[in-house]
file work23.pdb (PDB, C-alpha atoms, pLDDT in the B column)
ATOM      1  CA  MET A 105     -77.328  33.238 -19.821  1.00 49.00           C
ATOM      2  CA  ALA A 106     -78.930  36.391 -18.459  1.00 50.00           C
ATOM      3  CA  LEU A 107     -79.376  37.201 -14.773  1.00 53.00           C
ATOM      4  CA  GLY A 108     -81.937  39.976 -14.904  1.00 71.00           C
ATOM      5  CA  GLU A 109     -80.332  42.767 -16.904  1.00 89.00           C
ATOM      6  CA  ILE A 110     -76.757  41.440 -16.492  1.00 88.00           C
ATOM      7  CA  THR A 111     -75.589  38.754 -18.896  1.00 90.00           C
ATOM      8  CA  SER A 112     -72.769  36.257 -18.595  1.00 90.00           C
ATOM      9  CA  THR A 113     -71.104  38.212 -21.402  1.00 92.00           C
ATOM     10  CA  ASP A 114     -71.195  41.315 -19.165  1.00 90.00           C
ATOM     11  CA  LEU A 115     -69.682  39.430 -16.221  1.00 91.00           C
ATOM     12  CA  ASN A 116     -66.964  37.843 -18.333  1.00 93.00           C
ATOM     13  CA  GLY A 117     -66.184  41.211 -19.883  1.00 92.00           C
ATOM     14  CA  TRP A 118     -65.846  42.842 -16.463  1.00 93.00           C
ATOM     15  CA  GLN A 119     -63.510  40.067 -15.320  1.00 95.00           C
ATOM     16  CA  TYR A 120     -61.476  40.417 -18.495  1.00 95.00           C
ATOM     17  CA  ARG A 121     -61.145  44.167 -17.887  1.00 95.00           C
ATOM     18  CA  ALA A 122     -59.937  43.496 -14.319  1.00 96.00           C
ATOM     19  CA  ILE A 123     -57.405  40.969 -15.651  1.00 96.00           C
ATOM     20  CA  GLY A 124     -55.998  43.688 -17.887  1.00 95.00           C
ATOM     21  CA  VAL A 125     -55.649  46.061 -14.928  1.00 96.00           C
ATOM     22  CA  LEU A 126     -54.000  43.345 -12.822  1.00 97.00           C
ATOM     23  CA  ASP A 127     -51.611  42.510 -15.668  1.00 97.00           C
ATOM     24  CA  SER A 128     -50.558  46.155 -15.835  1.00 95.00           C
ATOM     25  CA  LEU A 129     -50.195  46.412 -12.042  1.00 96.00           C
ATOM     26  CA  VAL A 130     -48.023  43.301 -11.814  1.00 97.00           C
ATOM     27  CA  LYS A 131     -45.798  44.421 -14.690  1.00 97.00           C
ATOM     28  CA  ASN A 132     -45.310  47.793 -12.984  1.00 96.00           C
ATOM     29  CA  ALA A 133     -44.662  46.101  -9.610  1.00 96.00           C
ATOM     30  CA  ILE A 134     -41.963  43.944 -11.222  1.00 97.00           C
ATOM     31  CA  ALA A 135     -40.330  46.980 -12.819  1.00 97.00           C
ATOM     32  CA  THR A 136     -40.355  48.950  -9.546  1.00 96.00           C
ATOM     33  CA  GLU A 137     -39.579  45.939  -7.308  1.00 95.00           C
ATOM     34  CA  GLN A 138     -42.785  46.483  -5.376  1.00 95.00           C
ATOM     35  CA  TYR A 139     -43.831  43.670  -3.052  1.00 95.00           C
ATOM     36  CA  PRO A 140     -46.729  41.609  -4.517  1.00 95.00           C
ATOM     37  CA  LEU A 141     -50.182  41.211  -3.027  1.00 97.00           C
ATOM     38  CA  ASP A 142     -52.484  38.187  -3.009  1.00 96.00           C
ATOM     39  CA  TRP A 143     -54.935  39.208  -5.753  1.00 97.00           C
ATOM     40  CA  THR A 144     -58.511  38.040  -6.371  1.00 97.00           C
ATOM     41  CA  ILE A 145     -60.842  38.946  -9.229  1.00 97.00           C
ATOM     42  CA  THR A 146     -64.547  38.504  -8.467  1.00 96.00           C
ATOM     43  CA  SER A 147     -67.300  37.467 -10.856  1.00 91.00           C
ATOM     44  CA  ASN A 148     -68.428  41.093 -11.164  1.00 92.00           C
ATOM     45  CA  GLY A 149     -64.928  42.234 -12.159  1.00 94.00           C
ATOM     46  CA  SER A 150     -63.839  43.694  -8.830  1.00 97.00           C
ATOM     47  CA  LEU A 151     -60.147  43.476  -8.015  1.00 97.00           C
ATOM     48  CA  HIS A 152     -59.059  42.769  -4.441  1.00 98.00           C
ATOM     49  CA  GLY A 153     -55.491  42.807  -3.145  1.00 98.00           C
ATOM     50  CA  LYS A 154     -54.455  41.510   0.250  1.00 97.00           C
ATOM     51  CA  VAL A 155     -51.091  41.747   1.957  1.00 96.00           C
ATOM     52  CA  GLY A 156     -50.109  38.141   2.612  1.00 91.00           C
ATOM     53  CA  LYS A 157     -50.006  37.067   6.253  1.00 84.00           C
ATOM     54  CA  PHE A 158     -47.772  34.052   5.835  1.00 77.00           C
ATOM     55  CA  THR A 159     -44.644  35.785   4.633  1.00 75.00           C
ATOM     56  CA  CYS A 160     -41.317  36.556   6.197  1.00 82.00           C
ATOM     57  CA  LEU A 161     -42.304  40.232   6.489  1.00 87.00           C
ATOM     58  CA  SER A 162     -42.627  41.937   9.859  1.00 89.00           C
ATOM     59  CA  GLU A 163     -45.906  43.669  10.770  1.00 88.00           C
ATOM     60  CA  ASP A 164     -44.249  47.064  10.165  1.00 91.00           C
ATOM     61  CA  VAL A 165     -43.076  46.038   6.694  1.00 93.00           C
ATOM     62  CA  ARG A 166     -46.498  44.516   5.868  1.00 94.00           C
ATOM     63  CA  HIS A 167     -48.074  47.845   6.865  1.00 95.00           C
ATOM     64  CA  SER A 168     -45.600  49.699   4.616  1.00 96.00           C
ATOM     65  CA  VAL A 169     -46.485  47.363   1.716  1.00 96.00           C
ATOM     66  CA  PHE A 170     -50.182  48.125   2.282  1.00 97.00           C
ATOM     67  CA  ASN A 171     -49.544  51.880   2.386  1.00 97.00           C
ATOM     68  CA  GLU A 172     -47.475  51.748  -0.812  1.00 97.00           C
ATOM     69  CA  TRP A 173     -50.211  49.882  -2.702  1.00 97.00           C
ATOM     70  CA  CYS A 174     -52.785  52.376  -1.385  1.00 98.00           C
ATOM     71  CA  ARG A 175     -50.628  55.171  -2.800  1.00 97.00           C
ATOM     72  CA  VAL A 176     -50.162  53.431  -6.152  1.00 95.00           C
ATOM     73  CA  MET A 177     -53.896  52.736  -6.505  1.00 96.00           C
ATOM     74  CA  GLY A 178     -55.009  56.176  -5.291  1.00 96.00           C
ATOM     75  CA  ALA A 179     -57.096  54.355  -2.688  1.00 97.00           C
ATOM     76  CA  SER A 180     -59.335  55.918  -0.077  1.00 97.00           C
ATOM     77  CA  THR A 181     -58.175  56.470   3.473  1.00 97.00           C
ATOM     78  CA  PRO A 182     -58.095  52.995   5.053  1.00 97.00           C
ATOM     79  CA  ARG A 183     -61.062  52.011   7.194  1.00 97.00           C
ATOM     80  CA  GLU A 184     -60.210  50.119  10.397  1.00 95.00           C
ATOM     81  CA  THR A 185     -62.469  47.333  11.660  1.00 94.00           C
ATOM     82  CA  ASN A 186     -62.140  44.787  14.437  1.00 91.00           C
ATOM     83  CA  ARG A 187     -61.851  41.170  13.356  1.00 85.00           C
ATOM     84  CA  GLY A 188     -63.968  38.570  15.149  1.00 77.00           C
ATOM     85  CA  ALA A 189     -60.967  36.496  16.223  1.00 74.00           C
ATOM     86  CA  GLY A 190     -59.150  39.573  17.471  1.00 82.00           C
ATOM     87  CA  GLY A 191     -56.867  41.885  15.611  1.00 89.00           C
ATOM     88  CA  THR A 192     -57.642  44.593  13.110  1.00 93.00           C
ATOM     89  CA  ARG A 193     -58.442  44.777   9.415  1.00 95.00           C
ATOM     90  CA  LEU A 194     -57.512  47.806   7.331  1.00 97.00           C
ATOM     91  CA  THR A 195     -59.487  48.195   4.101  1.00 98.00           C
ATOM     92  CA  ALA A 196     -59.011  50.856   1.449  1.00 98.00           C
ATOM     93  CA  PHE A 197     -61.118  51.168  -1.710  1.00 98.00           C
ATOM     94  CA  PHE A 198     -60.097  52.290  -5.183  1.00 97.00           C
ATOM     95  CA  ASN A 199     -61.449  52.934  -8.667  1.00 97.00           C
ATOM     96  CA  HIS A 200     -59.017  52.323 -11.508  1.00 94.00           C
ATOM     97  CA  PRO A 201     -59.993  53.918 -14.835  1.00 92.00           C
ATOM     98  CA  THR A 202     -59.652  52.009 -18.099  1.00 90.00           C
ATOM     99  CA  ASN A 203     -60.720  52.825 -21.641  1.00 89.00           C
ATOM    100  CA  ARG A 204     -63.754  50.530 -21.059  1.00 86.00           C
ATOM    101  CA  GLY A 205     -64.870  51.872 -17.678  1.00 88.00           C
ATOM    102  CA  GLU A 206     -63.595  51.688 -14.116  1.00 92.00           C
ATOM    103  CA  VAL A 207     -62.391  48.650 -12.235  1.00 96.00           C
ATOM    104  CA  HIS A 208     -63.439  48.891  -8.601  1.00 97.00           C
ATOM    105  CA  GLY A 209     -61.620  47.149  -5.818  1.00 97.00           C
ATOM    106  CA  SER A 210     -60.128  47.075  -2.382  1.00 98.00           C
ATOM    107  CA  LEU A 211     -56.845  46.580  -0.573  1.00 98.00           C
ATOM    108  CA  VAL A 212     -56.718  44.702   2.740  1.00 98.00           C
ATOM    109  CA  LEU A 213     -54.249  44.293   5.576  1.00 97.00           C
ATOM    110  CA  ASP A 214     -55.092  41.987   8.480  1.00 93.00           C
ATOM    111  CA  ILE A 215     -53.146  42.692  11.658  1.00 90.00           C
ATOM    112  CA  ASP A 216     -53.137  39.984  14.303  1.00 82.00           C
ATOM    113  CA  PRO A 217     -53.268  40.823  18.007  1.00 77.00           C
ATOM    114  CA  PRO A 218     -49.959  40.554  19.847  1.00 72.00           C
ATOM    115  CA  LEU A 219     -49.172  37.086  21.156  1.00 67.00           C
ATOM    116  CA  VAL A 220     -49.651  36.680  24.896  1.00 65.00           C
ATOM    117  CA  ASP A 221     -46.922  34.871  26.774  1.00 60.00           C
ATOM    118  CA  ASP A 222     -48.595  32.228  28.993  1.00 56.00           C
ATOM    119  CA  GLU A 223     -45.782  32.452  31.539  1.00 55.00           C
ATOM    120  CA  GLU A 224     -46.509  36.053  32.487  1.00 51.00           C
TER     121      GLU A 224
END
call {"tool": "encode", "arguments": {"input": "work23.pdb", "output": "structure tokens"}}
result
Amino acid sequence: MALGEITSTDLNGWQYRAIGVLDSLVKNAIATEQYPLDWTITSNGSLHGKVGKFTCLSEDVRHSVFNEWCRVMGASTPRETNRGAGGTRLTAFFNHPTNRGEVHGSLVLDIDPPLVDDEE
């Protein structure tokens, strides 16, 4: 099935290329004991990693995990945006070369606002 100039074969190929990059990243993370991210591969072959919120990691450690993945991926300087429900989102973008072209993607860290004590 073709969608304009892009075919389903193109889309599947781009996803397959991103799977190969993710496979390599996870293998390297296991070897170096790097903390894993929550990964998503989109239909256009983009790779997105997010530092999990529901872990036993402190905010400082989550931020360190994000920074380490940014370093590993050669990502751009993180962009800071305000989230609608409060808090901050850090997003960094990367391009990962392969022998079949680049895999584009992003890394995300959501930081919640501090909890307010109702008794104060």
call {"tool": "residues_around", "arguments": {"input": "work23.pdb", "residues": "segment 146-155 of chain A", "least_positions_apart": "4", "cutoff": "7 Å", "atoms": "all atoms listed in the file", "output": "ChimeraX atom specification"}}
result
/A:115,118-119,122,141-142,166,170,207-213
call {"tool": "atom_distance", "arguments": {"input": "work23.pdb", "atom1": "atom CA of Met177 of chain A", "atom2": "atom CA of Asn199 of chain A"}}
result
7.9 Å
call {"tool": "closest_residue", "arguments": {"input": "work23.pdb", "among": "A:Ala189, A:Thr202, A:Leu161, A:Asp214", "to": "Val125 of chain A", "atoms": "only C-alpha atoms"}}
result
A:Thr202
call {"tool": "residues_around", "arguments": {"input": "work23.pdb", "residues": "Asp216 of chain A", "least_positions_apart": "5", "cutoff": "12 Å", "atoms": "all atoms listed in the file", "output": "mmCIF file with C-alpha atoms, keeping the file's coordinate frame"}}
result
data_model
loop_
_atom_site.group_PDB
_atom_site.id
_atom_site.type_symbol
_atom_site.label_atom_id
_atom_site.label_comp_id
_atom_site.auth_asym_id
_atom_site.auth_seq_id
_atom_site.Cartn_x
_atom_site.Cartn_y
_atom_site.Cartn_z
ATOM 1 C CA LYS A 157 -50.006 37.067 6.253
ATOM 2 C CA PHE A 158 -47.772 34.052 5.835
ATOM 3 C CA SER A 162 -42.627 41.937 9.859
ATOM 4 C CA GLU A 163 -45.906 43.669 10.770
ATOM 5 C CA ARG A 166 -46.498 44.516 5.868
ATOM 6 C CA HIS A 167 -48.074 47.845 6.865
ATOM 7 C CA ASN A 186 -62.140 44.787 14.437
ATOM 8 C CA ARG A 187 -61.851 41.170 13.356
ATOM 9 C CA GLY A 188 -63.968 38.570 15.149
ATOM 10 C CA ALA A 189 -60.967 36.496 16.223
ATOM 11 C CA GLY A 190 -59.150 39.573 17.471
ATOM 12 C CA GLY A 191 -56.867 41.885 15.611
ATOM 13 C CA THR A 192 -57.642 44.593 13.110
ATOM 14 C CA ARG A 193 -58.442 44.777 9.415
ATOM 15 C CA LEU A 194 -57.512 47.806 7.331
#
call {"tool": "atom_distance", "arguments": {"input": "work23.pdb", "atom1": "atom CA of Asp164 of chain A", "atom2": "atom CA of Arg183 of chain A"}}
result
17.8 Å
call {"tool": "decode", "arguments": {"input": "work23.pdb", "residues": "segment 136-172 of chain A", "atoms": "N, CA, C and O atoms", "output": "CSV table (one decimal), in the first residue's frame"}}
result
chain,number,residue,atom,x,y,z
A,136,THR,N,27.2,-2.5,30.0
A,136,THR,CA,27.7,-1.4,30.8
A,136,THR,C,26.9,-1.1,32.0
A,136,THR,O,27.2,-0.1,32.7
A,137,GLU,N,25.9,-1.9,32.3
A,137,GLU,CA,25.0,-1.8,33.4
A,137,GLU,C,24.3,-0.4,33.4
A,137,GLU,O,24.2,0.2,34.5
A,138,GLN,N,24.0,0.1,32.3
A,138,GLN,CA,23.3,1.4,32.1
A,138,GLN,C,21.8,1.2,32.4
A,138,GLN,O,21.2,0.2,32.0
A,139,TYR,N,21.2,2.1,33.1
A,139,TYR,CA,19.8,2.0,33.4
A,139,TYR,C,18.9,2.1,32.2
A,139,TYR,O,19.2,2.9,31.3
A,140,PRO,N,17.9,1.2,32.0
A,140,PRO,CA,17.1,1.2,30.8
A,140,PRO,C,16.1,2.3,30.7
A,140,PRO,O,15.7,2.9,31.7
A,141,LEU,N,15.7,2.6,29.5
A,141,LEU,CA,14.6,3.6,29.2
A,141,LEU,C,13.4,2.9,28.8
A,141,LEU,O,13.5,1.7,28.4
A,142,ASP,N,12.3,3.6,28.8
A,142,ASP,CA,11.0,3.1,28.2
A,142,ASP,C,11.1,3.5,26.7
A,142,ASP,O,11.1,4.7,26.4
A,143,TRP,N,11.3,2.5,25.8
A,143,TRP,CA,11.5,2.8,24.4
A,143,TRP,C,10.3,2.6,23.6
A,143,TRP,O,9.5,1.7,23.8
A,144,THR,N,10.1,3.5,22.5
A,144,THR,CA,9.0,3.4,21.6
A,144,THR,C,9.6,3.6,20.2
A,144,THR,O,10.5,4.4,20.0
A,145,ILE,N,9.1,2.8,19.2
A,145,ILE,CA,9.5,2.9,17.8
A,145,ILE,C,8.2,3.3,17.1
A,145,ILE,O,7.2,2.6,17.2
A,146,THR,N,8.3,4.5,16.4
A,146,THR,CA,7.1,4.9,15.7
A,146,THR,C,7.0,4.3,14.3
A,146,THR,O,7.9,3.7,13.8
A,147,SER,N,5.8,4.6,13.6
A,147,SER,CA,5.6,4.0,12.3
A,147,SER,C,6.6,4.5,11.3
A,147,SER,O,6.8,3.9,10.2
A,148,ASN,N,7.2,5.7,11.5
A,148,ASN,CA,8.1,6.2,10.5
A,148,ASN,C,9.6,5.9,10.9
A,148,ASN,O,10.5,6.4,10.3
A,149,GLY,N,9.7,5.0,11.9
A,149,GLY,CA,11.1,4.5,12.3
A,149,GLY,C,11.8,5.4,13.2
A,149,GLY,O,13.0,5.2,13.4
A,150,SER,N,11.1,6.3,13.9
A,150,SER,CA,11.8,7.2,14.9
A,150,SER,C,11.9,6.4,16.2
A,150,SER,O,11.0,5.5,16.5
A,151,LEU,N,12.9,6.6,17.0
A,151,LEU,CA,13.2,5.9,18.2
A,151,LEU,C,13.1,6.9,19.3
A,151,LEU,O,13.7,7.9,19.3
A,152,HIS,N,12.2,6.6,20.3
A,152,HIS,CA,12.0,7.5,21.4
A,152,HIS,C,12.2,6.8,22.8
A,152,HIS,O,11.6,5.8,23.0
A,153,GLY,N,13.1,7.4,23.6
A,153,GLY,CA,13.4,6.8,24.9
A,153,GLY,C,13.0,7.8,26.0
A,153,GLY,O,13.2,9.0,25.9
A,154,LYS,N,12.3,7.2,27.0
A,154,LYS,CA,11.8,8.1,28.1
A,154,LYS,C,12.3,7.4,29.4
A,154,LYS,O,12.2,6.2,29.6
A,155,VAL,N,12.8,8.3,30.3
A,155,VAL,CA,13.1,7.8,31.6
A,155,VAL,C,11.8,7.5,32.4
A,155,VAL,O,11.0,8.4,32.5
A,156,GLY,N,11.7,6.3,32.8
A,156,GLY,CA,10.5,5.9,33.5
A,156,GLY,C,10.2,6.7,34.8
A,156,GLY,O,11.1,7.1,35.5
A,157,LYS,N,8.9,7.1,35.0
A,157,LYS,CA,8.5,7.9,36.1
A,157,LYS,C,8.2,7.0,37.3
A,157,LYS,O,8.4,7.4,38.5
A,158,PHE,N,7.7,5.8,37.1
A,158,PHE,CA,7.3,4.9,38.2
A,158,PHE,C,8.3,3.9,38.5
A,158,PHE,O,8.1,2.7,38.4
A,159,THR,N,9.5,4.4,38.9
A,159,THR,CA,10.6,3.6,39.3
A,159,THR,C,11.0,4.0,40.8
A,159,THR,O,10.4,4.9,41.3
A,160,CYS,N,11.9,3.2,41.3
A,160,CYS,CA,12.3,3.5,42.7
A,160,CYS,C,13.5,4.6,42.6
A,160,CYS,O,14.1,4.8,43.7
A,161,LEU,N,13.7,5.2,41.5
A,161,LEU,CA,14.8,6.2,41.4
A,161,LEU,C,14.4,7.5,41.8
A,161,LEU,O,13.2,8.0,41.6
A,162,SER,N,15.3,8.2,42.5
A,162,SER,CA,15.0,9.6,42.9
A,162,SER,C,15.0,10.5,41.7
A,162,SER,O,15.5,10.1,40.6
A,163,GLU,N,14.5,11.7,41.8
A,163,GLU,CA,14.5,12.7,40.7
A,163,GLU,C,16.0,13.0,40.3
A,163,GLU,O,16.2,13.1,39.1
A,164,ASP,N,16.9,13.1,41.2
A,164,ASP,CA,18.3,13.3,40.9
A,164,ASP,C,18.9,12.2,40.1
A,164,ASP,O,19.6,12.4,39.1
A,165,VAL,N,18.6,11.0,40.5
A,165,VAL,CA,19.1,9.8,39.7
A,165,VAL,C,18.4,9.7,38.4
A,165,VAL,O,19.1,9.4,37.4
A,166,ARG,N,17.1,10.0,38.3
A,166,ARG,CA,16.4,10.0,37.0
A,166,ARG,C,17.1,11.0,36.0
A,166,ARG,O,17.3,10.7,34.9
A,167,HIS,N,17.4,12.1,36.6
A,167,HIS,CA,18.1,13.2,35.8
A,167,HIS,C,19.5,12.7,35.3
A,167,HIS,O,19.9,12.9,34.2
A,168,SER,N,20.2,12.0,36.2
A,168,SER,CA,21.5,11.5,35.8
A,168,SER,C,21.4,10.4,34.7
A,168,SER,O,22.2,10.3,33.8
A,169,VAL,N,20.3,9.6,34.8
A,169,VAL,CA,20.0,8.6,33.8
A,169,VAL,C,19.8,9.3,32.4
A,169,VAL,O,20.3,8.9,31.4
A,170,PHE,N,19.0,10.3,32.4
A,170,PHE,CA,18.7,11.1,31.2
A,170,PHE,C,20.0,11.6,30.6
A,170,PHE,O,20.2,11.5,29.4
A,171,ASN,N,20.8,12.3,31.5
A,171,ASN,CA,22.0,12.9,31.0
A,171,ASN,C,23.0,11.8,30.4
A,171,ASN,O,23.7,12.1,29.4
A,172,GLU,N,23.0,10.6,31.0
A,172,GLU,CA,23.9,9.6,30.5
A,172,GLU,C,23.4,9.1,29.1
A,172,GLU,O,24.3,8.9,28.2
